[in-house]
file final-v2.pdb (PDB, N, CA and C atoms)
ATOM      1  N   MET A 199     -38.789  22.802  -4.204
ATOM      2  CA  MET A 199     -39.279  21.446  -4.197
ATOM      3  C   MET A 199     -40.518  21.392  -5.096
ATOM      4  N   ASN A 200     -40.608  20.358  -5.935
ATOM      5  CA  ASN A 200     -41.777  20.214  -6.803
ATOM      6  C   ASN A 200     -42.652  19.055  -6.322
ATOM      7  N   THR A 201     -43.790  18.879  -6.973
ATOM      8  CA  THR A 201     -44.758  17.861  -6.560
ATOM      9  C   THR A 201     -44.150  16.469  -6.571
ATOM     10  N   ARG A 202     -43.402  16.138  -7.599
ATOM     11  CA  ARG A 202     -42.780  14.811  -7.693
ATOM     12  C   ARG A 202     -41.878  14.547  -6.483
ATOM     13  N   ARG A 203     -41.065  15.517  -6.105
ATOM     14  CA  ARG A 203     -40.168  15.345  -4.946
ATOM     15  C   ARG A 203     -40.948  15.221  -3.642
ATOM     16  N   ILE A 204     -42.006  15.998  -3.509
ATOM     17  CA  ILE A 204     -42.836  15.931  -2.293
ATOM     18  C   ILE A 204     -43.476  14.549  -2.168
ATOM     19  N   VAL A 205     -44.051  14.066  -3.263
ATOM     20  CA  VAL A 205     -44.695  12.750  -3.244
ATOM     21  C   VAL A 205     -43.660  11.653  -2.990
ATOM     22  N   ARG A 206     -42.526  11.701  -3.673
ATOM     23  CA  ARG A 206     -41.482  10.684  -3.479
ATOM     24  C   ARG A 206     -41.016  10.666  -2.025
ATOM     25  N   LYS A 207     -40.811  11.822  -1.433
ATOM     26  CA  LYS A 207     -40.368  11.883  -0.033
ATOM     27  C   LYS A 207     -41.418  11.268   0.890
ATOM     28  N   TYR A 208     -42.695  11.582   0.667
ATOM     29  CA  TYR A 208     -43.762  11.008   1.486
ATOM     30  C   TYR A 208     -43.768   9.481   1.362
ATOM     31  N   LEU A 209     -43.710   8.987   0.138
ATOM     32  CA  LEU A 209     -43.730   7.540  -0.084
ATOM     33  C   LEU A 209     -42.552   6.860   0.613
ATOM     34  N   GLU A 210     -41.365   7.386   0.412
ATOM     35  CA  GLU A 210     -40.164   6.794   1.015
ATOM     36  C   GLU A 210     -40.190   6.890   2.536
ATOM     37  N   ASP A 211     -40.598   8.032   3.066
ATOM     38  CA  ASP A 211     -40.644   8.215   4.524
ATOM     39  C   ASP A 211     -41.649   7.285   5.196
ATOM     40  N   ASN A 212     -42.661   6.833   4.438
ATOM     41  CA  ASN A 212     -43.705   5.982   5.000
ATOM     42  C   ASN A 212     -43.636   4.534   4.523
ATOM     43  N   GLY A 213     -42.538   4.172   3.876
ATOM     44  CA  GLY A 213     -42.293   2.782   3.504
ATOM     45  C   GLY A 213     -43.034   2.263   2.294
ATOM     46  N   PHE A 214     -43.611   3.146   1.472
ATOM     47  CA  PHE A 214     -44.315   2.720   0.270
ATOM     48  C   PHE A 214     -43.346   2.531  -0.889
ATOM     49  N   ASP A 215     -43.713   1.633  -1.819
ATOM     50  CA  ASP A 215     -42.873   1.342  -2.982
ATOM     51  C   ASP A 215     -43.242   2.160  -4.206
ATOM     52  N   GLY A 216     -44.444   2.726  -4.225
ATOM     53  CA  GLY A 216     -44.873   3.500  -5.382
ATOM     54  C   GLY A 216     -46.335   3.878  -5.296
ATOM     55  N   LEU A 217     -46.902   4.193  -6.459
ATOM     56  CA  LEU A 217     -48.302   4.607  -6.578
ATOM     57  C   LEU A 217     -49.040   3.655  -7.516
ATOM     58  N   PHE A 218     -50.358   3.548  -7.323
ATOM     59  CA  PHE A 218     -51.169   2.766  -8.242
ATOM     60  C   PHE A 218     -52.569   3.357  -8.310
ATOM     61  N   ASP A 219     -53.271   3.042  -9.381
ATOM     62  CA  ASP A 219     -54.651   3.462  -9.578
ATOM     63  C   ASP A 219     -55.514   2.209  -9.614
ATOM     64  N   GLU A 220     -56.399   2.050  -8.641
ATOM     65  CA  GLU A 220     -57.256   0.856  -8.563
ATOM     66  C   GLU A 220     -58.185   0.726  -9.760
ATOM     67  N   ASP A 221     -58.553   1.837 -10.369
ATOM     68  CA  ASP A 221     -59.497   1.818 -11.484
ATOM     69  C   ASP A 221     -58.824   1.591 -12.839
ATOM     70  N   GLY A 222     -57.531   1.593 -12.874
ATOM     71  CA  GLY A 222     -56.831   1.442 -14.145
ATOM     72  C   GLY A 222     -55.696   0.459 -14.032
ATOM     73  N   GLU A 223     -54.947   0.355 -15.080
ATOM     74  CA  GLU A 223     -53.786  -0.525 -15.082
ATOM     75  C   GLU A 223     -52.522   0.302 -14.932
ATOM     76  N   CYS A 224     -52.579   1.283 -14.083
ATOM     77  CA  CYS A 224     -51.472   2.213 -13.936
ATOM     78  C   CYS A 224     -50.791   2.008 -12.589
ATOM     79  N   ALA A 225     -49.481   1.945 -12.609
ATOM     80  CA  ALA A 225     -48.687   1.872 -11.386
ATOM     81  C   ALA A 225     -47.295   2.399 -11.699
ATOM     82  N   CYS A 226     -46.662   2.976 -10.694
ATOM     83  CA  CYS A 226     -45.304   3.464 -10.883
ATOM     84  C   CYS A 226     -44.535   3.315  -9.578
ATOM     85  N   LYS A 227     -43.242   3.056  -9.719
ATOM     86  CA  LYS A 227     -42.374   2.913  -8.555
ATOM     87  C   LYS A 227     -41.800   4.277  -8.172
ATOM     88  N   ASN A 228     -41.289   4.371  -6.962
ATOM     89  CA  ASN A 228     -40.756   5.637  -6.446
ATOM     90  C   ASN A 228     -39.679   6.235  -7.343
ATOM     91  N   ASP A 229     -38.896   5.391  -8.002
ATOM     92  CA  ASP A 229     -37.811   5.918  -8.819
ATOM     93  C   ASP A 229     -38.262   6.366 -10.213
ATOM     94  N   ASP A 230     -39.556   6.198 -10.517
ATOM     95  CA  ASP A 230     -40.090   6.617 -11.813
ATOM     96  C   ASP A 230     -41.545   7.061 -11.654
ATOM     97  N   LEU A 231     -41.760   8.079 -10.836
ATOM     98  CA  LEU A 231     -43.121   8.551 -10.572
ATOM     99  C   LEU A 231     -43.692   9.311 -11.753
ATOM    100  N   PHE A 232     -44.978   9.117 -12.001
ATOM    101  CA  PHE A 232     -45.754   9.838 -13.006
ATOM    102  C   PHE A 232     -45.216   9.689 -14.440
ATOM    103  N   PRO A 233     -44.897   8.460 -14.876
ATOM    104  CA  PRO A 233     -44.412   8.307 -16.255
ATOM    105  C   PRO A 233     -45.537   8.375 -17.283
ATOM    106  N   CYS A 234     -46.787   8.247 -16.831
ATOM    107  CA  CYS A 234     -47.926   8.222 -17.750
ATOM    108  C   CYS A 234     -48.376   9.644 -18.083
ATOM    109  N   ASP A 235     -49.196   9.730 -19.098
ATOM    110  CA  ASP A 235     -49.747  11.027 -19.485
ATOM    111  C   ASP A 235     -51.114  11.267 -18.864
ATOM    112  N   GLY A 236     -51.626  10.276 -18.127
ATOM    113  CA  GLY A 236     -52.954  10.384 -17.548
ATOM    114  C   GLY A 236     -52.952  11.175 -16.256
ATOM    115  N   SER A 237     -54.134  11.364 -15.727
ATOM    116  CA  SER A 237     -54.302  12.066 -14.464
ATOM    117  C   SER A 237     -53.829  11.190 -13.312
ATOM    118  N   SER A 238     -53.206  11.763 -12.335
ATOM    119  CA  SER A 238     -52.744  11.003 -11.166
ATOM    120  C   SER A 238     -53.626  11.282  -9.948
ATOM    121  N   PHE A 239     -54.784  11.873 -10.156
ATOM    122  CA  PHE A 239     -55.654  12.239  -9.038
ATOM    123  C   PHE A 239     -56.153  11.037  -8.252
ATOM    124  N   ASN A 240     -56.302   9.877  -8.889
ATOM    125  CA  ASN A 240     -56.811   8.686  -8.218
ATOM    126  C   ASN A 240     -55.718   7.772  -7.691
ATOM    127  N   CYS A 241     -54.474   8.130  -7.880
ATOM    128  CA  CYS A 241     -53.366   7.278  -7.446
ATOM    129  C   CYS A 241     -53.298   7.207  -5.922
ATOM    130  N   LYS A 242     -52.949   6.007  -5.450
ATOM    131  CA  LYS A 242     -52.799   5.770  -4.015
ATOM    132  C   LYS A 242     -51.418   5.195  -3.754
ATOM    133  N   PRO A 243     -50.879   5.423  -2.554
ATOM    134  CA  PRO A 243     -49.610   4.794  -2.215
ATOM    135  C   PRO A 243     -49.807   3.294  -2.045
ATOM    136  N   GLY A 244     -48.792   2.535  -2.420
ATOM    137  CA  GLY A 244     -48.899   1.086  -2.292
ATOM    138  C   GLY A 244     -47.542   0.417  -2.227
ATOM    139  N   TYR A 245     -47.603  -0.911  -2.284
ATOM    140  CA  TYR A 245     -46.420  -1.753  -2.118
ATOM    141  C   TYR A 245     -46.245  -2.639  -3.343
ATOM    142  N   LYS A 246     -45.000  -2.945  -3.655
ATOM    143  CA  LYS A 246     -44.695  -3.813  -4.783
ATOM    144  C   LYS A 246     -45.281  -5.196  -4.517
ATOM    145  N   GLN A 247     -45.934  -5.761  -5.540
ATOM    146  CA  GLN A 247     -46.605  -7.050  -5.447
ATOM    147  C   GLN A 247     -45.944  -8.047  -6.396
ATOM    148  N   PRO A 248     -46.076  -9.345  -6.112
ATOM    149  CA  PRO A 248     -45.595 -10.340  -7.077
ATOM    150  C   PRO A 248     -46.371 -10.194  -8.390
ATOM    151  N   CYS A 249     -45.716 -10.454  -9.484
ATOM    152  CA  CYS A 249     -46.349 -10.302 -10.790
ATOM    153  C   CYS A 249     -46.091 -11.554 -11.618
ATOM    154  N   ASP A 250     -47.164 -12.218 -12.011
ATOM    155  CA  ASP A 250     -47.014 -13.374 -12.889
ATOM    156  C   ASP A 250     -47.950 -13.284 -14.084
ATOM    157  N   CYS A 251     -48.414 -12.077 -14.374
ATOM    158  CA  CYS A 251     -49.373 -11.893 -15.456
ATOM    159  C   CYS A 251     -48.705 -11.929 -16.832
ATOM    160  N   GLY A 252     -47.408 -11.663 -16.873
ATOM    161  CA  GLY A 252     -46.708 -11.651 -18.146
ATOM    162  C   GLY A 252     -46.817 -10.343 -18.904
ATOM    163  N   ASP A 253     -47.654  -9.433 -18.438
ATOM    164  CA  ASP A 253     -47.837  -8.151 -19.116
ATOM    165  C   ASP A 253     -47.002  -7.020 -18.529
ATOM    166  N   HIS A 254     -46.575  -7.179 -17.277
ATOM    167  CA  HIS A 254     -45.866  -6.110 -16.574
ATOM    168  C   HIS A 254     -44.655  -6.677 -15.826
ATOM    169  N   ASP A 255     -43.743  -5.808 -15.507
ATOM    170  CA  ASP A 255     -42.583  -6.201 -14.698
ATOM    171  C   ASP A 255     -42.900  -6.180 -13.207
ATOM    172  N   PHE A 256     -43.941  -5.449 -12.825
ATOM    173  CA  PHE A 256     -44.293  -5.324 -11.423
ATOM    174  C   PHE A 256     -45.746  -4.888 -11.286
ATOM    175  N   HIS A 257     -46.265  -5.036 -10.100
ATOM    176  CA  HIS A 257     -47.573  -4.495  -9.728
ATOM    177  C   HIS A 257     -47.386  -3.750  -8.412
ATOM    178  N   ILE A 258     -48.190  -2.737  -8.185
ATOM    179  CA  ILE A 258     -48.242  -2.026  -6.918
ATOM    180  C   ILE A 258     -49.657  -2.186  -6.395
ATOM    181  N   GLY A 259     -49.803  -2.525  -5.116
ATOM    182  CA  GLY A 259     -51.126  -2.722  -4.545
ATOM    183  C   GLY A 259     -51.185  -2.275  -3.097
ATOM    184  N   LEU A 260     -52.343  -2.447  -2.496
ATOM    185  CA  LEU A 260     -52.572  -1.979  -1.126
ATOM    186  C   LEU A 260     -51.819  -2.772  -0.071
ATOM    187  N   ASN A 261     -51.689  -4.070  -0.265
ATOM    188  CA  ASN A 261     -51.139  -4.926   0.784
ATOM    189  C   ASN A 261     -49.650  -5.148   0.647
ATOM    190  N   LYS A 262     -48.961  -5.026   1.751
ATOM    191  CA  LYS A 262     -47.524  -5.262   1.779
ATOM    192  C   LYS A 262     -47.280  -6.753   1.906
ATOM    193  N   GLU A 263     -46.446  -7.299   1.034
ATOM    194  CA  GLU A 263     -46.096  -8.709   1.101
ATOM    195  C   GLU A 263     -45.239  -8.974   2.319
ATOM    196  N   LYS A 264     -45.506 -10.061   2.991
ATOM    197  CA  LYS A 264     -44.743 -10.401   4.201
ATOM    198  C   LYS A 264     -43.590 -11.294   3.874
TER     199      LYS A 264
END

call {"tool": "encode", "arguments": {"input": "final-v2.pdb", "output": "structure tokens"}}
result
Amino acid sequence: MNTRRIVRKYLEDNGFDGLFDEDGECACKNDDLFPCDGSSFNCKPGYKQPCDCGDHDFHIGLNKEK
């Protein structure tokens, strides 16, 4: 088992949609973890958010949409 599989299993087992970095514009969904070349040390688990910014297909954030 590698780090990506361990993280994906944790996220899925706990109902998270992916990871995000509050300090950057970085987010990734469970099916595409760690696509960036940057450090993932600050990434946190989060939930898919509505996106109307026009710059991204999705956002991941702390709060789960009801």

call {"tool": "closest_residue", "arguments": {"input": "final-v2.pdb", "among": "A:Ile258, A:Asp253, A:Tyr245, A:Cys226", "to": "A:Phe214", "atoms": "all atoms listed in the file"}}
result
A:Tyr245

call {"tool": "residues_around", "arguments": {"input": "final-v2.pdb", "residues": "A:Lys262", "least_positions_apart": "5", "cutoff": "8 Å", "atoms": "only C-alpha atoms", "output": "PyMOL selection string"}}
result
chain A and resi 244-247

call {"tool": "resolve_selection", "arguments": {"input": "final-v2.pdb", "expression": "the PyMOL selection byres (((chain A and resi 228 and name CA) around 7) and name CA)", "output": "number ranges by chain"}}
result
A: 206, 215-216, 226-227, 229-231

call {"tool": "closest_residue", "arguments": {"input": "final-v2.pdb", "among": "A:Glu263, A:Asn212, A:Ile204, A:Leu217", "to": "A:Phe232", "atoms": "only C-alpha atoms"}}
result
A:Leu217

call {"tool": "atom_distance", "arguments": {"input": "final-v2.pdb", "atom1": "atom CA of A:Asp219", "atom2": "atom N of A:Lys242"}}
result
5.1 Å

call {"tool": "atom_distance", "arguments": {"input": "final-v2.pdb", "atom1": "atom CA of A:Asp221", "atom2": "atom CA of A:Cys234"}}
result
14.6 Å

call {"tool": "atom_distance", "arguments": {"input": "final-v2.pdb", "atom1": "atom CA of A:His257", "atom2": "atom N of A:Cys224"}}
result
8.8 Å

call {"tool": "select_by_dssp", "arguments": {"input": "final-v2.pdb", "residues": "stretch 210-241 of chain A", "states": "helix (DSSP H, G or I)", "output": "ChimeraX atom specification"}}
result
/A:210-211,228-230

call {"tool": "select_by_dssp", "arguments": {"input": "final-v2.pdb", "residues": "stretch 226-259 of chain A", "states": "strand (DSSP E or B)", "output": "PDB file with N, CA and C atoms, keeping the file's coordinate frame"}}
result
ATOM      1  N   CYS A 226     -46.662   2.976 -10.694  1.00  0.00           N
ATOM      2  CA  CYS A 226     -45.304   3.464 -10.883  1.00  0.00           C
ATOM      3  C   CYS A 226     -44.535   3.315  -9.578  1.00  0.00           C
ATOM      4  N   LYS A 227     -43.242   3.056  -9.719  1.00  0.00           N
ATOM      5  CA  LYS A 227     -42.374   2.913  -8.555  1.00  0.00           C
ATOM      6  C   LYS A 227     -41.800   4.277  -8.172  1.00  0.00           C
ATOM      7  N   LYS A 242     -52.949   6.007  -5.450  1.00  0.00           N
ATOM      8  CA  LYS A 242     -52.799   5.770  -4.015  1.00  0.00           C
ATOM      9  C   LYS A 242     -51.418   5.195  -3.754  1.00  0.00           C
ATOM     10  N   PRO A 243     -50.879   5.423  -2.554  1.00  0.00           N
ATOM     11  CA  PRO A 243     -49.610   4.794  -2.215  1.00  0.00           C
ATOM     12  C   PRO A 243     -49.807   3.294  -2.045  1.00  0.00           C
ATOM     13  N   GLY A 244     -48.792   2.535  -2.420  1.00  0.00           N
ATOM     14  CA  GLY A 244     -48.899   1.086  -2.292  1.00  0.00           C
ATOM     15  C   GLY A 244     -47.542   0.417  -2.227  1.00  0.00           C
ATOM     16  N   TYR A 245     -47.603  -0.911  -2.284  1.00  0.00           N
ATOM     17  CA  TYR A 245     -46.420  -1.753  -2.118  1.00  0.00           C
ATOM     18  C   TYR A 245     -46.245  -2.639  -3.343  1.00  0.00           C
ATOM     19  N   LYS A 246     -45.000  -2.945  -3.655  1.00  0.00           N
ATOM     20  CA  LYS A 246     -44.695  -3.813  -4.783  1.00  0.00           C
ATOM     21  C   LYS A 246     -45.281  -5.196  -4.517  1.00  0.00           C
ATOM     22  N   GLN A 247     -45.934  -5.761  -5.540  1.00  0.00           N
ATOM     23  CA  GLN A 247     -46.605  -7.050  -5.447  1.00  0.00           C
ATOM     24  C   GLN A 247     -45.944  -8.047  -6.396  1.00  0.00           C
ATOM     25  N   HIS A 257     -46.265  -5.036 -10.100  1.00  0.00           N
ATOM     26  CA  HIS A 257     -47.573  -4.495  -9.728  1.00  0.00           C
ATOM     27  C   HIS A 257     -47.386  -3.750  -8.412  1.00  0.00           C
ATOM     28  N   ILE A 258     -48.190  -2.737  -8.185  1.00  0.00           N
ATOM     29  CA  ILE A 258     -48.242  -2.026  -6.918  1.00  0.00           C
ATOM     30  C   ILE A 258     -49.657  -2.186  -6.395  1.00  0.00           C
ATOM     31  N   GLY A 259     -49.803  -2.525  -5.116  1.00  0.00           N
ATOM     32  CA  GLY A 259     -51.126  -2.722  -4.545  1.00  0.00           C
ATOM     33  C   GLY A 259     -51.185  -2.275  -3.097  1.00  0.00           C
TER      34      GLY A 259
END

call {"tool": "closest_residue", "arguments": {"input": "final-v2.pdb", "among": "A:Arg202, A:Gly259, A:Pro248, A:Gly213", "to": "A:Ala225", "atoms": "only C-alpha atoms"}}
result
A:Gly259

call {"tool": "closest_residue", "arguments": {"input": "final-v2.pdb", "among": "A:Pro243, A:Asp250, A:Glu223, A:Asp255", "to": "A:Tyr208", "atoms": "only C-alpha atoms"}}
result
A:Pro243
